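Printed here is final-v7.txt (compact mmCIF, C-alpha atoms):
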```txt
# COMPACT_ATOMS: atom_id res chain seq x y z
CA MET A 29 37.39 -57.94 -19.23
CA ASN A 30 38.28 -59.63 -15.96
CA ARG A 31 37.20 -58.52 -12.49
CA LYS A 32 40.56 -56.94 -11.61
CA THR A 33 40.56 -54.70 -14.70
CA VAL A 34 37.02 -53.58 -13.98
CA ASP A 35 37.94 -52.78 -10.36
CA ASN A 36 40.99 -50.83 -11.48
CA GLN A 37 38.97 -48.81 -13.96
CA TRP A 38 36.31 -48.07 -11.35
CA HIS A 39 39.00 -47.02 -8.89
CA LYS A 40 40.64 -44.75 -11.48
CA THR A 41 37.28 -43.14 -12.32
CA ARG A 42 36.65 -42.43 -8.65
CA MET A 43 40.11 -40.95 -8.20
CA ARG A 44 39.62 -38.76 -11.27
CA ALA A 45 36.30 -37.55 -9.87
CA GLU A 46 38.05 -36.83 -6.58
CA LYS A 47 40.72 -34.73 -8.29
CA ARG A 48 38.12 -32.97 -10.43
CA PHE A 49 36.06 -32.03 -7.36
CA ARG A 50 39.10 -30.65 -5.61
CA PHE A 51 40.03 -28.71 -8.77
CA TYR A 52 36.55 -27.14 -8.88
CA GLY A 53 37.08 -25.90 -5.32
CA GLN A 54 40.47 -24.44 -6.20
CA CYS A 55 39.03 -22.75 -9.30
CA ALA A 56 36.13 -21.25 -7.32
CA LEU A 57 38.43 -19.94 -4.63
CA GLY A 58 40.88 -18.64 -7.24
CA LEU A 59 38.09 -16.82 -9.06
CA ALA A 60 36.80 -15.25 -5.85
CA VAL A 61 40.27 -14.06 -4.85
CA LEU A 62 40.92 -12.81 -8.41
CA MET A 63 37.75 -10.75 -8.28
CA LEU A 64 38.79 -9.30 -4.93
CA VAL A 65 42.23 -8.40 -6.34
CA VAL A 66 40.73 -6.82 -9.49
CA LEU A 67 38.21 -4.85 -7.42
CA VAL A 68 40.70 -3.56 -4.88
CA GLY A 69 43.29 -3.00 -7.65
CA SER A 70 40.88 -0.91 -9.70
CA ILE A 71 39.92 1.16 -6.66
CA VAL A 72 43.57 1.77 -5.68
CA SER A 73 44.84 2.38 -9.23
CA ARG A 74 42.16 4.99 -9.90
CA GLY A 75 41.94 6.44 -6.42
CA TYR A 76 45.56 6.93 -5.43
CA GLN A 77 45.82 10.09 -7.55
CA GLY A 78 43.38 11.71 -5.17
CA VAL A 79 45.92 11.81 -2.35
CA TYR A 80 48.41 13.83 -4.40
CA ALA A 81 48.05 17.60 -4.61
CA ASP A 82 49.02 19.00 -8.00
CA ALA A 83 50.03 22.63 -8.38
CA ILE A 84 51.08 24.76 -11.32
CA ALA A 85 53.38 27.73 -10.69
CA ALA A 86 53.32 30.47 -13.31
CA SER A 87 55.55 33.51 -12.90
CA HIS A 88 53.98 36.75 -14.01
CA HIS A 89 55.18 40.32 -13.43
CA LEU A 90 52.76 43.22 -13.40
CA ARG A 91 54.11 46.52 -14.59
CA SER A 92 53.35 49.62 -12.56
CA GLY A 93 51.63 51.14 -15.56
CA THR A 94 49.17 48.26 -15.99
CA PRO A 95 45.70 49.77 -16.38
CA ARG A 96 43.26 49.08 -13.57
CA TYR A 97 39.79 48.00 -14.55
CA THR A 98 36.81 49.49 -12.86
CA PRO A 99 33.57 47.52 -12.46
CA ARG A 100 32.31 49.42 -15.56
CA GLY A 101 35.22 48.14 -17.56
CA MET B 29 13.16 -29.25 43.66
CA THR B 30 11.82 -25.88 42.48
CA SER B 31 11.07 -24.72 46.04
CA LEU B 32 14.58 -25.69 47.15
CA ARG B 33 16.08 -23.63 44.30
CA HIS B 34 13.91 -20.62 45.19
CA LYS B 35 15.05 -20.81 48.80
CA ALA B 36 18.68 -20.77 47.69
CA ILE B 37 18.54 -17.40 45.90
CA SER B 38 18.25 -14.08 47.71
CA PRO B 39 15.52 -11.44 47.09
CA VAL B 40 18.06 -9.22 45.27
CA GLN B 41 18.88 -12.07 42.94
CA GLN B 42 15.16 -12.67 42.39
CA ILE B 43 14.62 -9.01 41.44
CA THR B 44 17.64 -9.11 39.12
CA GLU B 45 16.31 -12.30 37.56
CA ALA B 46 12.89 -10.70 37.00
CA LEU B 47 14.48 -7.54 35.57
CA VAL B 48 16.61 -9.50 33.12
CA ARG B 49 13.59 -11.54 32.11
CA LEU B 50 11.60 -8.32 31.55
CA LEU B 51 14.42 -6.79 29.50
CA LEU B 52 14.67 -9.89 27.31
CA TRP B 53 10.90 -9.92 26.83
CA LEU B 54 10.94 -6.22 25.88
CA ALA B 55 13.74 -6.82 23.38
CA ALA B 56 11.80 -9.66 21.76
CA ALA B 57 8.57 -7.64 21.77
CA ALA B 58 10.30 -4.59 20.24
CA SER B 59 11.42 -6.55 17.19
CA ILE B 60 7.95 -8.03 16.72
CA VAL B 61 6.25 -4.65 17.15
CA ALA B 62 8.68 -3.04 14.68
CA THR B 63 7.97 -5.75 12.10
CA LEU B 64 4.21 -5.43 12.56
CA ALA B 65 4.42 -1.63 12.34
CA ILE B 66 6.32 -1.82 9.06
CA VAL B 67 3.94 -4.41 7.59
CA PHE B 68 0.79 -2.50 8.59
CA SER B 69 2.07 0.90 7.45
CA VAL B 70 2.94 -0.55 4.04
CA LEU B 71 -0.34 -2.47 3.91
CA PHE B 72 -2.55 0.58 4.63
CA GLU B 73 -0.82 2.78 2.07
CA ALA B 74 -0.91 -0.04 -0.49
CA LEU B 75 -4.66 -0.45 0.08
CA ARG B 76 -5.09 3.27 -0.67
CA PHE B 77 -3.20 2.70 -3.93
CA PHE B 78 -5.37 -0.28 -4.86
CA LYS B 79 -8.50 1.88 -4.43
CA ILE B 80 -7.21 4.04 -7.30
CA ILE B 81 -5.49 1.41 -9.47
CA PRO B 82 -7.07 -2.09 -9.70
CA VAL B 83 -4.98 -4.97 -8.35
CA SER B 84 -5.26 -6.85 -11.65
CA HIS B 85 -3.85 -3.86 -13.60
CA PHE B 86 -0.98 -3.62 -11.11
CA LEU B 87 -0.09 -7.33 -10.95
CA PHE B 88 -0.59 -8.24 -14.61
CA GLY B 89 0.11 -4.96 -16.41
CA LEU B 90 2.97 -5.07 -18.90
CA HIS B 91 3.83 -1.38 -18.90
CA TRP B 92 5.41 0.64 -16.08
CA SER B 93 5.32 4.41 -16.49
CA PRO B 94 4.22 6.00 -13.22
CA GLN B 95 4.42 9.62 -14.42
CA MET B 96 1.19 11.42 -13.57
CA ALA B 97 0.13 14.71 -15.07
CA MET B 98 0.36 17.89 -12.99
CA ARG B 99 -2.61 19.43 -14.80
CA ALA B 100 -5.84 17.82 -16.02
CA ASP B 101 -5.34 18.97 -19.62
CA GLN B 102 -1.81 17.56 -19.86
CA ALA B 103 -1.15 14.84 -22.43
CA GLY B 104 -0.51 11.29 -21.17
CA SER B 105 -2.09 12.03 -17.82
CA SER B 106 -3.00 8.49 -16.79
CA GLY B 107 0.26 6.69 -15.91
CA SER B 108 0.78 2.92 -16.17
CA PHE B 109 1.39 0.75 -13.14
CA GLY B 110 2.03 -2.73 -14.53
CA VAL B 111 4.55 -4.40 -12.26
CA ILE B 112 5.61 -7.26 -14.58
CA PRO B 113 8.61 -5.43 -16.18
CA LEU B 114 9.97 -4.58 -12.73
CA PHE B 115 9.68 -8.14 -11.45
CA LEU B 116 11.19 -9.51 -14.65
CA GLY B 117 14.16 -7.17 -14.20
CA THR B 118 14.49 -8.14 -10.53
CA ILE B 119 14.33 -11.87 -11.32
CA LEU B 120 16.81 -11.52 -14.20
CA ILE B 121 19.43 -9.65 -12.18
CA THR B 122 18.95 -11.92 -9.14
CA LEU B 123 19.28 -15.00 -11.35
CA ILE B 124 22.56 -13.78 -12.89
CA ALA B 125 23.89 -12.86 -9.45
CA MET B 126 22.99 -16.29 -8.07
CA LEU B 127 24.58 -18.05 -11.05
CA VAL B 128 27.82 -16.31 -10.09
CA ALA B 129 27.56 -16.44 -6.30
CA ILE B 130 26.20 -19.93 -5.57
CA PRO B 131 28.74 -22.11 -7.44
CA ILE B 132 31.73 -19.94 -6.54
CA GLY B 133 30.61 -19.44 -2.93
CA LEU B 134 29.66 -23.06 -2.33
CA PHE B 135 32.75 -24.60 -3.91
CA SER B 136 34.95 -22.08 -2.06
CA ALA B 137 33.26 -23.06 1.20
CA ILE B 138 33.73 -26.77 0.50
CA TYR B 139 37.40 -26.27 -0.38
CA MET B 140 38.08 -24.09 2.67
CA SER B 141 36.35 -26.42 5.12
CA GLU B 142 37.35 -29.81 3.71
CA TYR B 143 40.59 -29.48 1.75
CA ALA B 144 42.51 -26.34 2.76
CA ASN B 145 44.86 -26.48 5.73
CA ARG B 146 44.24 -24.31 8.77
CA SER B 147 46.72 -21.54 7.86
CA ALA B 148 45.35 -21.20 4.31
CA ARG B 149 41.80 -21.11 5.67
CA ASN B 150 42.75 -18.42 8.20
CA ILE B 151 43.93 -16.22 5.34
CA LEU B 152 41.35 -17.06 2.65
CA LYS B 153 38.19 -16.73 4.72
CA PRO B 154 38.79 -13.17 5.99
CA ALA B 155 40.07 -12.22 2.52
CA LEU B 156 36.78 -13.27 0.95
CA GLU B 157 34.83 -11.52 3.71
CA ILE B 158 36.43 -8.24 2.58
CA LEU B 159 34.09 -8.47 -0.43
CA ALA B 160 31.09 -8.19 1.91
CA GLY B 161 32.51 -5.08 3.57
CA ILE B 162 32.89 -3.01 0.41
CA PRO B 163 30.06 -0.45 0.07
CA THR B 164 27.58 -1.18 -2.71
CA VAL B 165 28.18 2.22 -4.28
CA VAL B 166 31.80 1.16 -4.87
CA TYR B 167 30.54 -2.01 -6.56
CA GLY B 168 28.31 0.19 -8.73
CA TYR B 169 31.27 2.30 -9.73
CA PHE B 170 33.27 -0.88 -10.37
CA ALA B 171 30.49 -2.07 -12.67
CA ILE B 172 30.37 1.22 -14.60
CA ILE B 173 34.12 1.77 -14.88
CA LEU B 174 35.35 -1.77 -15.48
CA ILE B 175 32.70 -4.43 -16.11
CA ALA B 176 30.26 -2.59 -18.42
CA PRO B 177 33.00 -1.34 -20.82
CA ALA B 178 34.63 -4.80 -20.82
CA LEU B 179 31.27 -6.42 -21.66
CA HIS B 180 30.63 -3.80 -24.35
CA SER B 181 34.04 -4.48 -25.95
CA MET B 182 33.45 -8.23 -25.73
CA GLY B 183 30.05 -7.75 -27.35
CA LEU B 184 31.60 -5.76 -30.20
CA PHE B 185 34.19 -8.52 -30.68
CA LEU B 186 31.50 -11.23 -30.74
CA GLY B 187 29.07 -9.16 -32.81
CA LEU B 188 26.59 -8.72 -29.96
CA ASP B 189 24.84 -5.50 -29.09
CA ILE B 190 25.45 -5.07 -25.35
CA ALA B 191 24.01 -1.87 -23.89
CA SER B 192 26.30 0.30 -21.77
CA GLU B 193 23.86 -0.26 -18.90
CA SER B 194 22.89 -3.93 -18.86
CA ALA B 195 21.40 -6.51 -16.52
CA LEU B 196 24.45 -8.68 -17.13
CA ALA B 197 26.90 -6.10 -15.76
CA ALA B 198 24.73 -5.48 -12.69
CA GLY B 199 24.15 -9.19 -12.10
CA LEU B 200 27.82 -10.12 -12.41
CA VAL B 201 28.94 -7.45 -9.97
CA MET B 202 26.12 -8.25 -7.58
CA GLY B 203 27.15 -11.90 -7.74
CA VAL B 204 30.69 -10.96 -6.70
CA MET B 205 29.28 -8.93 -3.82
CA ILE B 206 27.19 -11.89 -2.63
CA ILE B 207 29.96 -14.55 -2.81
CA PRO B 208 31.06 -14.07 0.84
CA PHE B 209 27.47 -14.42 2.09
CA VAL B 210 27.30 -17.89 0.57
CA SER B 211 30.91 -18.94 1.18
CA SER B 212 31.34 -17.75 4.74
CA LEU B 213 28.02 -19.04 6.08
CA SER B 214 28.29 -22.34 4.19
CA ASP B 215 31.84 -22.80 5.45
CA ASP B 216 30.70 -22.40 9.07
CA ILE B 217 27.83 -24.82 8.51
CA ILE B 218 29.95 -27.47 6.76
CA THR B 219 32.58 -27.24 9.49
CA ALA B 220 29.87 -27.79 12.12
CA VAL B 221 28.86 -31.18 10.63
CA PRO B 222 29.97 -33.82 13.17
CA ARG B 223 33.32 -35.46 12.50
CA SER B 224 31.84 -38.88 13.27
CA LEU B 225 29.72 -38.74 10.09
CA ARG B 226 32.80 -38.24 7.94
CA ASP B 227 34.72 -40.94 9.80
CA GLY B 228 31.88 -43.40 9.32
CA SER B 229 31.84 -42.68 5.60
CA TYR B 230 35.63 -43.07 5.24
CA ALA B 231 35.44 -46.35 7.15
CA LEU B 232 33.20 -47.68 4.39
CA GLY B 233 35.85 -46.87 1.77
CA ILE B 234 34.13 -43.76 0.41
CA THR B 235 36.39 -41.08 -1.07
CA GLN B 236 36.50 -37.54 0.29
CA SER B 237 34.48 -35.98 -2.54
CA GLU B 238 31.85 -38.73 -2.29
CA THR B 239 31.66 -38.16 1.46
CA ILE B 240 31.15 -34.45 0.88
CA LYS B 241 28.46 -35.00 -1.75
CA GLN B 242 26.60 -37.82 -0.02
CA VAL B 243 27.09 -37.17 3.70
CA VAL B 244 28.33 -33.68 4.53
CA LEU B 245 26.21 -31.60 2.13
CA PRO B 246 22.90 -33.34 2.96
CA ALA B 247 23.64 -32.85 6.65
CA ALA B 248 24.45 -29.18 6.08
CA LEU B 249 21.57 -28.57 3.65
CA PRO B 250 19.30 -26.49 5.95
CA GLY B 251 22.14 -24.12 6.77
CA ILE B 252 23.30 -23.87 3.16
CA MET B 253 19.72 -23.19 2.10
CA GLY B 254 19.59 -20.41 4.70
CA ALA B 255 22.81 -18.92 3.30
CA VAL B 256 21.45 -19.05 -0.25
CA LEU B 257 18.17 -17.47 0.88
CA LEU B 258 20.05 -14.67 2.60
CA ALA B 259 22.02 -14.14 -0.61
CA ILE B 260 18.83 -14.06 -2.71
CA SER B 261 17.21 -11.57 -0.31
CA ARG B 262 20.30 -9.41 -0.56
CA ALA B 263 20.20 -9.58 -4.37
CA ILE B 264 16.49 -8.74 -4.53
CA GLY B 265 16.91 -5.79 -2.19
CA GLU B 266 20.03 -4.35 -3.82
CA THR B 267 19.48 -0.90 -5.30
CA MET B 268 22.71 1.02 -5.82
CA ILE B 269 24.42 -1.45 -8.18
CA VAL B 270 21.27 -1.69 -10.30
CA VAL B 271 20.84 2.08 -10.55
CA MET B 272 24.45 2.53 -11.63
CA ALA B 273 24.94 -0.54 -13.82
CA ALA B 274 21.53 -1.60 -15.16
CA GLY B 275 19.80 1.75 -15.53
CA MET B 276 16.27 2.81 -14.64
CA SER B 277 14.26 2.02 -17.75
CA ALA B 278 11.46 -0.50 -17.17
CA ASN B 279 11.90 -2.65 -20.27
CA LEU B 280 9.78 -5.77 -20.62
CA THR B 281 12.63 -8.08 -21.54
CA PHE B 282 14.49 -11.10 -20.27
CA ASN B 283 17.54 -10.25 -22.37
CA PRO B 284 20.51 -9.79 -20.02
CA LEU B 285 22.28 -7.59 -22.57
CA GLN B 286 19.66 -4.84 -22.28
CA SER B 287 18.94 -2.23 -19.67
CA VAL B 288 16.34 -3.18 -17.04
CA THR B 289 15.23 -1.93 -13.66
CA THR B 290 14.17 -3.56 -10.40
CA VAL B 291 11.41 -3.10 -7.86
CA THR B 292 13.64 -1.48 -5.24
CA VAL B 293 15.09 1.01 -7.72
CA GLN B 294 11.57 2.10 -8.68
CA ILE B 295 10.58 2.44 -5.01
CA VAL B 296 13.52 4.81 -4.55
CA SER B 297 12.75 6.81 -7.68
CA LEU B 298 9.05 7.12 -6.70
CA LEU B 299 9.84 8.44 -3.24
CA VAL B 300 12.71 10.80 -4.08
CA GLY B 301 12.00 14.53 -4.09
CA ASP B 302 8.82 16.41 -3.19
CA GLN B 303 5.87 14.08 -3.40
CA GLU B 304 2.16 14.26 -2.72
CA PHE B 305 1.29 11.39 -0.41
CA ASP B 306 -2.12 10.89 -1.95
CA SER B 307 -1.04 10.56 -5.58
CA PRO B 308 -0.95 7.09 -7.17
CA LYS B 309 2.68 7.67 -8.12
CA THR B 310 3.78 7.90 -4.50
CA LEU B 311 1.39 5.25 -3.21
CA ALA B 312 2.70 2.86 -5.88
CA ALA B 313 5.93 2.64 -3.90
CA PHE B 314 4.03 1.09 -0.99
CA ALA B 315 2.23 -1.33 -3.30
CA LEU B 316 5.60 -2.36 -4.72
CA GLY B 317 6.96 -2.78 -1.18
CA LEU B 318 4.01 -4.96 -0.19
CA THR B 319 4.36 -7.13 -3.31
CA LEU B 320 8.07 -7.54 -2.71
CA PHE B 321 7.40 -8.49 0.91
CA CYS B 322 4.88 -11.15 -0.19
CA VAL B 323 7.30 -12.55 -2.79
CA THR B 324 10.16 -12.76 -0.28
CA LEU B 325 7.85 -14.39 2.26
CA ALA B 326 6.72 -16.96 -0.31
CA LEU B 327 10.35 -17.64 -1.17
CA ASN B 328 11.14 -18.28 2.50
CA VAL B 329 8.19 -20.64 2.86
CA VAL B 330 9.22 -22.60 -0.25
CA ALA B 331 12.77 -22.86 1.04
CA LEU B 332 11.50 -24.08 4.40
CA ILE B 333 9.43 -26.80 2.69
CA VAL B 334 12.43 -27.85 0.56
CA VAL B 335 14.67 -28.02 3.61
CA ARG B 336 12.14 -30.10 5.56
CA LYS B 337 11.74 -32.50 2.64
CA TYR B 338 15.42 -33.09 1.94
CA LYS B 339 16.92 -32.64 5.39
CA GLU B 340 18.89 -35.65 6.60
CA ARG B 341 18.33 -36.33 10.29
CA TYR B 342 21.23 -37.71 12.31
CA GLU B 343 21.12 -38.87 15.88
```

Could you write out this structure as structure tokens?
Amino acid sequence: MNRKTVDNQWHKTRMRAEKRFRFYGQCALGLAVLMLVVLVGSIVSRGYQGVYADAIAASHHLRSGTPRYTPRG
Amino acid sequence: MTSLRHKAISPVQQITEALVRLLLWLAAAASIVATLAIVFSVLFEALRFFKIIPVSHFLFGLHWSPQMAMRADQAGSSGSFGVIPLFLGTILITLIAMLVAIPIGLFSAIYMSEYANRSARNILKPALEILAGIPTVVYGYFAIILIAPALHSMGLFLGLDIASESALAAGLVMGVMIIPFVSSLSDDIITAVPRSLRDGSYALGITQSETIKQVVLPAALPGIMGAVLLAISRAIGETMIVVMAAGMSANLTFNPLQSVTTVTVQIVSLLVGDQEFDSPKTLAAFALGLTLFCVTLALNVVALIVVRKYKERYE
């Protein structure tokens, strides 16, 4: 192996290491942002129902002859 | 020179100067007095505890069950105060949290300070800092609702028995909470490293990642160490996530798939409700506090020694 080939290989290894290091940074940042999104998403998806008021309307007519119950029953 | 300066300022200015000096002195003294008051109050109560329970039983005991009997004839009236299970739980959860927070936080900081452009950094940094602003009780709920069931399902799939309350769930969520402490502080510290150091390295034909590893990080090491220490202190002191995600049973285990408890959780549980302040159960909380204080202090001293040893000095 001549000197030029060795230099080229060394240069390529260094460049690969450079790209790998940058990729680690992107992965770390991506993971951190993903966790933030999952956390906020879970809070919002489960919590938004709390701001809605649900009501059930049931129509019921009482007849005038309906017996009234005393505390004794 | 000094006399000339004194002649230049008026009596009103001199009084103001003295007042400001007094105020600053009082502020500094207040923080010292507060620290001493806390340390001594914990120390005196802990000494009362150690008169009842021997120090060796407390430090080397393998069983923690602080329940004391209300009556003399009640079964199991002694109570066990071995602190080892609590410290094992604390170390385990802190370790898991650090395994999550340090690599993610540090690499995020390096990327934000060295590779990302200004506009991306201006968005990413505050976004990550949102994680630090979320209350710990919300993290606890996040751990119970999302992480613990996901781990349980994963365990079933892999044939592992993962408890519904596990150290792993608590540690993972705590790690997420601590990421901004490491990333934000480290980012500030890395950015503060002088530009001339980087330029000198590039002039020698060193690549950017090599410059970061061999020049920037050694120069920023004391600050990064400080950020990591702050994160560890935060993890050791965290209570709410542990109560909700890891449970309160003092198991003597280093298995992250089982339920454990920590020192701070036990301090809370010992002091909640109506307590007699002369019973070993209540006084144990102060002994735990004192031990935790000593451990944290030792950790700080070790970190200081490490920083001094590996710190690169630049003129």

Near chain A, meaning an atom within 9 Å, which residues of chain B appear when counting only C-alpha atoms? Write them as a compact mmCIF listing (two decimals) with C-alpha atoms, keeping the file's coordinate frame.
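Below is the file result-v1.txt, written as the result:
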```txt
# COMPACT_ATOMS: atom_id res chain seq x y z
CA PRO B 131 28.74 -22.11 -7.44
CA ILE B 132 31.73 -19.94 -6.54
CA GLY B 133 30.61 -19.44 -2.93
CA LEU B 134 29.66 -23.06 -2.33
CA PHE B 135 32.75 -24.60 -3.91
CA SER B 136 34.95 -22.08 -2.06
CA ALA B 137 33.26 -23.06 1.20
CA ILE B 138 33.73 -26.77 0.50
CA TYR B 139 37.40 -26.27 -0.38
CA MET B 140 38.08 -24.09 2.67
CA TYR B 143 40.59 -29.48 1.75
CA LEU B 152 41.35 -17.06 2.65
CA ALA B 155 40.07 -12.22 2.52
CA LEU B 156 36.78 -13.27 0.95
CA ILE B 158 36.43 -8.24 2.58
CA LEU B 159 34.09 -8.47 -0.43
CA VAL B 166 31.80 1.16 -4.87
CA TYR B 167 30.54 -2.01 -6.56
CA PHE B 170 33.27 -0.88 -10.37
CA ILE B 173 34.12 1.77 -14.88
CA LEU B 174 35.35 -1.77 -15.48
CA VAL B 204 30.69 -10.96 -6.70
CA ILE B 207 29.96 -14.55 -2.81
CA PRO B 208 31.06 -14.07 0.84
CA THR B 235 36.39 -41.08 -1.07
CA GLN B 236 36.50 -37.54 0.29
CA SER B 237 34.48 -35.98 -2.54
CA GLU B 238 31.85 -38.73 -2.29
```

Residues within 12 Å of Val165 in chain B, all atoms listed in the file, excluding chain neighbours under 4 positions, as number ranges by chain
B: 161, 169-172, 198, 201-202, 205, 266-273

With only C-alpha atoms counted, which protein, DNA or RNA residues have an atom no more than 9 Å from (23.2, -6.5, -13.2) in the file frame? Please answer as a PyMOL selection string.
chain B and resi 120-122+124-125+171+193-203+269-270+273-274+284+287-288

What does the structure give for the distance between CA of Asn145 in chain B and CA of Tyr230 in chain B, in Å to one decimal?
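Computed distance, CA of Asn145 in chain B to CA of Tyr230 in chain B, equals 19.0 Å.
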
So how many Å separate CA of Thr63 in chain B and CA of Phe321 in chain B, to one decimal?
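Taking CA of Thr63 in chain B and CA of Phe321 in chain B, their separation equals 11.5 Å.
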
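The gap separating CA of Ala191 in chain B from CA of Gly317 in chain B is 28.4 Å, in Å to one decimal.
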
Just the residues within 8 Å of Phe86 in chain B, please, counting all atoms listed in the file, with nothing from its chain fewer than 2 positions along; format it as a PyMOL selection string.
chain B and resi 81-84+88-89+109-111

Could you give me the centre and size, in Å to one decimal, of an axis-aligned box around all listed atoms of range 118-132 of chain B with 5 Å added on every side, as lines of an AutoDock Vina configuration file?
```
center_x = 23.0
center_y = -15.1
center_z = -9.9
size_x = 27.4
size_y = 24.0
size_z = 18.6
```

Around the point (25.5, -14.8, -3.9) (coordinates from the file), which residues reach within 6 Å if we count only C-alpha atoms? Answer as a ChimeraX atom specification.
/B:126,129-130,203,206-207,210,259

Rebuild N, CA and C atoms on range 168-187 of chain B, as a PDB file, in the coordinates of the input?
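Final output, saved to out_4.pdb:
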```
ATOM      1  N   GLY B 168      28.985  -0.458  -7.599  1.00  0.00           N
ATOM      2  CA  GLY B 168      28.310   0.190  -8.730  1.00  0.00           C
ATOM      3  C   GLY B 168      29.317   0.887  -9.616  1.00  0.00           C
ATOM      4  N   TYR B 169      30.226   1.578  -8.986  1.00  0.00           N
ATOM      5  CA  TYR B 169      31.270   2.300  -9.730  1.00  0.00           C
ATOM      6  C   TYR B 169      32.198   1.314 -10.443  1.00  0.00           C
ATOM      7  N   PHE B 170      32.457   0.197  -9.784  1.00  0.00           N
ATOM      8  CA  PHE B 170      33.270  -0.880 -10.370  1.00  0.00           C
ATOM      9  C   PHE B 170      32.580  -1.423 -11.621  1.00  0.00           C
ATOM     10  N   ALA B 171      31.254  -1.556 -11.528  1.00  0.00           N
ATOM     11  CA  ALA B 171      30.490  -2.070 -12.670  1.00  0.00           C
ATOM     12  C   ALA B 171      30.527  -1.086 -13.837  1.00  0.00           C
ATOM     13  N   ILE B 172      30.390   0.204 -13.527  1.00  0.00           N
ATOM     14  CA  ILE B 172      30.370   1.220 -14.600  1.00  0.00           C
ATOM     15  C   ILE B 172      31.741   1.369 -15.238  1.00  0.00           C
ATOM     16  N   ILE B 173      32.766   1.448 -14.387  1.00  0.00           N
ATOM     17  CA  ILE B 173      34.120   1.770 -14.880  1.00  0.00           C
ATOM     18  C   ILE B 173      34.775   0.562 -15.556  1.00  0.00           C
ATOM     19  N   LEU B 174      34.558  -0.628 -15.004  1.00  0.00           N
ATOM     20  CA  LEU B 174      35.350  -1.770 -15.480  1.00  0.00           C
ATOM     21  C   LEU B 174      34.509  -2.828 -16.214  1.00  0.00           C
ATOM     22  N   ILE B 175      33.436  -3.280 -15.570  1.00  0.00           N
ATOM     23  CA  ILE B 175      32.700  -4.430 -16.110  1.00  0.00           C
ATOM     24  C   ILE B 175      31.888  -4.062 -17.355  1.00  0.00           C
ATOM     25  N   ALA B 176      31.118  -2.961 -17.277  1.00  0.00           N
ATOM     26  CA  ALA B 176      30.260  -2.590 -18.420  1.00  0.00           C
ATOM     27  C   ALA B 176      31.091  -2.313 -19.679  1.00  0.00           C
ATOM     28  N   PRO B 177      32.184  -1.523 -19.603  1.00  0.00           N
ATOM     29  CA  PRO B 177      33.000  -1.340 -20.820  1.00  0.00           C
ATOM     30  C   PRO B 177      33.619  -2.642 -21.335  1.00  0.00           C
ATOM     31  N   ALA B 178      34.042  -3.515 -20.397  1.00  0.00           N
ATOM     32  CA  ALA B 178      34.630  -4.800 -20.820  1.00  0.00           C
ATOM     33  C   ALA B 178      33.581  -5.652 -21.534  1.00  0.00           C
ATOM     34  N   LEU B 179      32.345  -5.651 -21.015  1.00  0.00           N
ATOM     35  CA  LEU B 179      31.270  -6.420 -21.660  1.00  0.00           C
ATOM     36  C   LEU B 179      30.936  -5.819 -23.025  1.00  0.00           C
ATOM     37  N   HIS B 180      30.940  -4.480 -23.085  1.00  0.00           N
ATOM     38  CA  HIS B 180      30.630  -3.800 -24.350  1.00  0.00           C
ATOM     39  C   HIS B 180      31.681  -4.161 -25.411  1.00  0.00           C
ATOM     40  N   SER B 181      32.954  -4.130 -25.015  1.00  0.00           N
ATOM     41  CA  SER B 181      34.040  -4.480 -25.950  1.00  0.00           C
ATOM     42  C   SER B 181      33.914  -5.942 -26.381  1.00  0.00           C
ATOM     43  N   MET B 182      33.598  -6.798 -25.411  1.00  0.00           N
ATOM     44  CA  MET B 182      33.450  -8.230 -25.730  1.00  0.00           C
ATOM     45  C   MET B 182      32.285  -8.430 -26.698  1.00  0.00           C
ATOM     46  N   GLY B 183      31.218  -7.672 -26.460  1.00  0.00           N
ATOM     47  CA  GLY B 183      30.050  -7.750 -27.350  1.00  0.00           C
ATOM     48  C   GLY B 183      30.402  -7.316 -28.761  1.00  0.00           C
ATOM     49  N   LEU B 184      31.178  -6.235 -28.882  1.00  0.00           N
ATOM     50  CA  LEU B 184      31.600  -5.760 -30.200  1.00  0.00           C
ATOM     51  C   LEU B 184      32.431  -6.824 -30.906  1.00  0.00           C
ATOM     52  N   PHE B 185      33.313  -7.467 -30.135  1.00  0.00           N
ATOM     53  CA  PHE B 185      34.190  -8.520 -30.680  1.00  0.00           C
ATOM     54  C   PHE B 185      33.365  -9.711 -31.173  1.00  0.00           C
ATOM     55  N   LEU B 186      32.324 -10.053 -30.402  1.00  0.00           N
ATOM     56  CA  LEU B 186      31.500 -11.230 -30.740  1.00  0.00           C
ATOM     57  C   LEU B 186      30.322 -10.882 -31.655  1.00  0.00           C
ATOM     58  N   GLY B 187      30.182  -9.587 -31.950  1.00  0.00           N
ATOM     59  CA  GLY B 187      29.070  -9.160 -32.810  1.00  0.00           C
ATOM     60  C   GLY B 187      27.752  -9.074 -32.071  1.00  0.00           C
TER      61      GLY B 187
END
```
